[in-house]
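Visitor: One structure coming up, written as structure tokens, with questions to follow.
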Amino acid sequence: MIYTVTFNPALDYAVYLDTLEMGALNRTRSESLRCGGKGINVSIVLCNLGMETEALGFLAGFTGQGIARWLEQMAVPSDFIMLPDGMSRINIKLKTGVETEINGQGPDIPPQALEALFDKLDRISRGDTLVLAGSIPASLPVDIYERILSRLSGRGVRCVVDASGPLLLNVLPYHPFLIKPNEAELSELCGVSLSAGDLPGIKACAARLQEQGARNVLVSLGPNGALLLTEEGKFLHQEAPDGTVCNSVGAGDSMVAGFLTGLHLTGSYREALRMGTAAGSATAFSDHLATRREVEQLLNTL
Ligand SMILES: Nc1ncnc2c1ncn2[C@@H]1O[C@H](COP(=O)(O)OP(=O)(O)OP(=O)(O)O)[C@@H](O)[C@H]1O
Ligand SMILES: O=P(O)(O)OC[C@@]1(O)O[C@H](CO)[C@@H](O)[C@@H]1O
């Protein structure tokens with residue numbers, strides 16, 4: 001079973017505009033709304049690919065209820081903790097030829113709610129995978145992912161972390177099975193400026209994160225595909241397929257889902273990387289998260 005935890009779920013409101021004029025009234029060409037948050041996206045794509053998953057985390061207010069209802073309609077198993085106050089975020093994704101995102105803070109998570117999550121995490125057993133993905137609300141300490149990994153340490157649970165900054169750096173000593181920074185997150189983590197597609201620079205940074213404790217490092221490179229540094233110290237690169245980007249929000253999460261599915265089905269890192277890339281691109285090329293058919297179609301081209 002693959003559990004995902006989203007501390008800070010969201011409704012993603014994508015707004016398509018020909019141009020955006022600051023300080024003026026702009027009207028959309030079209031818009032779409034879907035439930036989001038990184039762990040939730042991973043669970044949705046895992047479900048689409050026929051994997052067993054359960055989405056965990058915190059929801060609040062009418063937006064939270066909407067997310068829960070949406071997941072139920074999509075038959076994505078979930079067990080969220082409803083918070084007493086506040087509301088889950090509405091994140092704005094502006095599509096004006098380039099993609100601009102405005103993500104909210106998210107509701108406060110009181111200590112009792114956090115304890116309730118820890119109780120749920122205690123159910124996770126040997127052989128299961130836990131994906132911790134996305135930001136945390138400002139009320140939580142930045143060592144929260146670290147505390148979860150420390151609690152699970154020695155229990156045979158594979159931990160995957162998709163986060164940025166200290167949230168990710170702090171977990172490295174606990175040897176997460178997989179981390180998935182994108183190129184910008186990687187350069188921030190290593191304090192170097194990488195130019196787009198600079199593979200030698202990216203490899204050097206991935207190696208540094210592995211030295212600090214990560215077992216496998218998967219770097220998503222947008223249109224340039226992805227680079228994997230395996231726990232055996234081997235670098236694998238996969239080009240992305242050609243296609244027209246519609247909405248790349250959730251492409252990285254889809255890559256994580258595709259990677260875990262590919263690894264589960266074949267046991268091969270090369271195949272996992274192919275399937276992860278196909279899933280990421282399938283999401284980027286549509287206005288929804290990758291479906292199984294779309295992933296299989298792109299997989300055939302790689
Ligand atoms: N322009 C693109 N063309 C083709 N494939 C793409 C494009 N953008 C993203 N992808 C696919 O999606 C994968 C993940 O993309 P990206 O590196 O943008 O992740 P990310 O920044 O973590 O995304 P997000 O945070 O929105 O989920 C890429 O490795 C690639 O396979
Ligand atoms: O603010 P965070 O938690 O870092 O990222 C949240 C988010 O941008 O990530 C997903 C795409 O990866 C979206 O569904 C969601 O809006």
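We name chains A, B, ... following the order of the structure tokens; residues begin at 1 in each chain, and ligands are numbered from 1 as shown.
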Please, which residues have at least one atom within 8 Å of an atom of ligand 2, using only C-alpha atoms and all ligand atoms, listed as a PyMOL selection string?
Guide: chain A and resi 6-12+35-38+40-41+90-93+101+103-105+133-136+163-164+249-253
Visitor: I need the chosen residues saved as a short mmCIF file (atom, residue, chain, number, x, y, z; two decimals), in the first residue's frame, with C-alpha atoms.
Guide:
data_model
loop_
_atom_site.label_atom_id
_atom_site.label_comp_id
_atom_site.auth_asym_id
_atom_site.auth_seq_id
_atom_site.Cartn_x
_atom_site.Cartn_y
_atom_site.Cartn_z
CA THR A 6 -0.68 16.15 2.28
CA PHE A 7 -0.36 18.58 5.16
CA ASN A 8 -1.64 21.41 3.02
CA PRO A 9 -4.21 20.31 0.39
CA ALA A 10 -5.71 22.84 -2.01
CA LEU A 11 -8.27 23.49 -4.64
CA ASP A 12 -6.24 24.41 -7.71
CA CYS A 35 -8.47 19.25 -6.06
CA GLY A 36 -4.77 19.37 -5.44
CA GLY A 37 -1.89 19.37 -3.04
CA LYS A 38 1.09 17.22 -3.88
CA ILE A 40 -3.35 14.12 -3.16
CA ASN A 41 -2.13 14.40 -6.76
CA ILE A 90 -7.41 27.83 -3.01
CA ASN A 91 -4.20 28.00 -5.06
CA ILE A 92 -4.25 30.15 -8.16
CA LYS A 93 -2.53 28.99 -11.32
CA GLU A 101 1.35 30.25 -9.37
CA ASN A 103 -0.18 29.31 -3.34
CA GLY A 104 -1.92 30.03 -0.04
CA GLN A 105 -0.69 29.53 3.54
CA ALA A 133 4.71 15.79 -0.27
CA GLY A 134 4.31 19.53 -0.38
CA SER A 135 4.55 22.47 1.95
CA ILE A 136 3.32 22.66 5.52
CA ALA A 163 9.40 19.02 -0.59
CA SER A 164 11.75 21.96 -0.75
CA VAL A 249 0.61 21.67 -12.39
CA GLY A 250 0.98 18.26 -10.79
CA ALA A 251 3.47 16.99 -13.41
CA GLY A 252 6.09 16.37 -10.71
CA ASP A 253 3.57 14.54 -8.52
#
Visitor: Kindly compile the residues surrounding ligand 1 within 6 Å, counting only C-alpha atoms and all ligand atoms, and format them as a list in words.
Guide: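 Listing the residues within 6 Å of ligand 1 gives Asn182, Ser220, Leu221, Gly222, Pro223, Gly225, Ala226, Ala240, Pro241, Val245, Ser248, Val249, Gly250, Ala251, Gly252, Asp253, Met255, Thr277, Ala278, Gly280, Ser281 and Ala284 of chain A.
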Visitor: When DSSP is applied to the backbone of this structure, which of range 216-276 of chain A are assigned strand (DSSP E or B)? Write them out as a list in words.
Guide: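 Checking each residue of range 216-276 of chain A, the strand (DSSP E or B) ones are Asn216, Val217, Leu218, Val219, Ser220, Ala226, Leu227, Leu228, Leu229, Phe235, Leu236, His237 and Gln238 of chain A.
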Visitor: I need the residues from that last selection saved to file as an mmCIF file, in the first residue's frame (with C-alpha atoms), if you can.
Guide:
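Generated output (selection-v1.cif):
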data_model
loop_
_atom_site.group_PDB
_atom_site.id
_atom_site.type_symbol
_atom_site.label_atom_id
_atom_site.label_comp_id
_atom_site.auth_asym_id
_atom_site.auth_seq_id
_atom_site.Cartn_x
_atom_site.Cartn_y
_atom_site.Cartn_z
ATOM 1 C CA ASN A 216 17.620 7.541 -4.699
ATOM 2 C CA VAL A 217 17.516 11.074 -6.104
ATOM 3 C CA LEU A 218 15.041 11.784 -8.907
ATOM 4 C CA VAL A 219 15.448 15.240 -10.438
ATOM 5 C CA SER A 220 12.569 16.358 -12.645
ATOM 6 C CA ALA A 226 14.360 13.572 -15.636
ATOM 7 C CA LEU A 227 17.620 12.395 -14.145
ATOM 8 C CA LEU A 228 17.825 9.578 -11.606
ATOM 9 C CA LEU A 229 20.767 8.843 -9.328
ATOM 10 C CA PHE A 235 22.993 7.996 -13.258
ATOM 11 C CA LEU A 236 20.077 7.422 -15.652
ATOM 12 C CA HIS A 237 18.622 10.142 -17.870
ATOM 13 C CA GLN A 238 15.259 10.033 -19.629
#
Visitor: Applying 9 Å and only C-alpha atoms, which residues near Leu178 in chain A remain after dropping the ones on its own chain fewer than 3 positions away? List them as a PyMOL selection string.
Guide: chain A and resi 158-162+175+214-218
Visitor: Select, from A:Ile124, A:Leu130, A:Ile148, A:Ala14, the residue with the minimum atom-to-atom distance to His288 in chain A, counting only C-alpha atoms.
Guide: A:Ala14
Visitor: To test your reading of the structure, identify every residue in range 77-125 of chain A that backbone DSSP assigns to alpha helix (DSSP H), and report it as a PDB file with N, CA and C atoms, in the first residue's frame.
Guide:
ATOM      1  N   PRO A 111      -2.183  20.935  17.925  1.00  0.00           N
ATOM      2  CA  PRO A 111      -1.416  19.760  18.361  1.00  0.00           C
ATOM      3  C   PRO A 111      -2.240  18.464  18.400  1.00  0.00           C
ATOM      4  N   GLN A 112      -3.548  18.547  18.792  1.00  0.00           N
ATOM      5  CA  GLN A 112      -4.357  17.304  18.856  1.00  0.00           C
ATOM      6  C   GLN A 112      -4.514  16.694  17.465  1.00  0.00           C
ATOM      7  N   ALA A 113      -4.668  17.567  16.452  1.00  0.00           N
ATOM      8  CA  ALA A 113      -4.851  17.059  15.081  1.00  0.00           C
ATOM      9  C   ALA A 113      -3.562  16.377  14.610  1.00  0.00           C
ATOM     10  N   LEU A 114      -2.434  16.965  15.012  1.00  0.00           N
ATOM     11  CA  LEU A 114      -1.140  16.379  14.632  1.00  0.00           C
ATOM     12  C   LEU A 114      -0.983  15.002  15.270  1.00  0.00           C
ATOM     13  N   GLU A 115      -1.375  14.900  16.537  1.00  0.00           N
ATOM     14  CA  GLU A 115      -1.311  13.603  17.238  1.00  0.00           C
ATOM     15  C   GLU A 115      -2.190  12.573  16.537  1.00  0.00           C
ATOM     16  N   ALA A 116      -3.368  13.032  16.052  1.00  0.00           N
ATOM     17  CA  ALA A 116      -4.280  12.112  15.357  1.00  0.00           C
ATOM     18  C   ALA A 116      -3.614  11.584  14.084  1.00  0.00           C
ATOM     19  N   LEU A 117      -2.846  12.441  13.413  1.00  0.00           N
ATOM     20  CA  LEU A 117      -2.134  11.971  12.208  1.00  0.00           C
ATOM     21  C   LEU A 117      -1.068  10.950  12.600  1.00  0.00           C
ATOM     22  N   PHE A 118      -0.318  11.253  13.662  1.00  0.00           N
ATOM     23  CA  PHE A 118       0.724  10.313  14.105  1.00  0.00           C
ATOM     24  C   PHE A 118       0.113   8.950  14.423  1.00  0.00           C
ATOM     25  N   ASP A 119      -1.085   8.941  15.031  1.00  0.00           N
ATOM     26  CA  ASP A 119      -1.756   7.664  15.332  1.00  0.00           C
ATOM     27  C   ASP A 119      -2.024   6.891  14.041  1.00  0.00           C
ATOM     28  N   LYS A 120      -2.473   7.599  13.019  1.00  0.00           N
ATOM     29  CA  LYS A 120      -2.740   6.931  11.732  1.00  0.00           C
ATOM     30  C   LYS A 120      -1.434   6.392  11.144  1.00  0.00           C
ATOM     31  N   LEU A 121      -0.357   7.184  11.254  1.00  0.00           N
ATOM     32  CA  LEU A 121       0.920   6.748  10.664  1.00  0.00           C
ATOM     33  C   LEU A 121       1.464   5.511  11.379  1.00  0.00           C
TER      34      LEU A 121
END
Visitor: Using only C-alpha atoms, which protein or nucleic acid residues come within 7 Å of range 186-200 of chain A? Drop anything in the same chain fewer than 4 positions from it, and give the result as a PyMOL selection string.
Guide: chain A and resi 165+181-182+204-205+224
Visitor: List the neighbours of Thr4 in chain A out to 6 Å using only C-alpha atoms; skip same-chain residues closer than 3 positions along the sequence, and give me the result as number ranges by chain.
Guide: A: 39, 55-56, 130-131
Visitor: Write the residues you've just listed into a file as a PDB file, in the first residue's frame, and include C-alpha atoms for each of them.
Guide:
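Okay, this is what ended up in part_0.pdb:
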ATOM      1  CA  GLY A  39       0.250  14.049  -1.930  1.00  0.00           C
ATOM      2  CA  ALA A  55      -4.458   9.764   0.932  1.00  0.00           C
ATOM      3  CA  LEU A  56      -3.930  11.172   4.439  1.00  0.00           C
ATOM      4  CA  LEU A 130       4.830   6.625   2.640  1.00  0.00           C
ATOM      5  CA  VAL A 131       4.937   9.713   0.432  1.00  0.00           C
TER       6      VAL A 131
END
Visitor: Check the smallest atom-to-atom distance from each of A:Val157, A:Thr19, A:Tyr145, A:Asp242 to Arg123 in chain A using only C-alpha atoms, then report the winner.
Guide: A:Val157
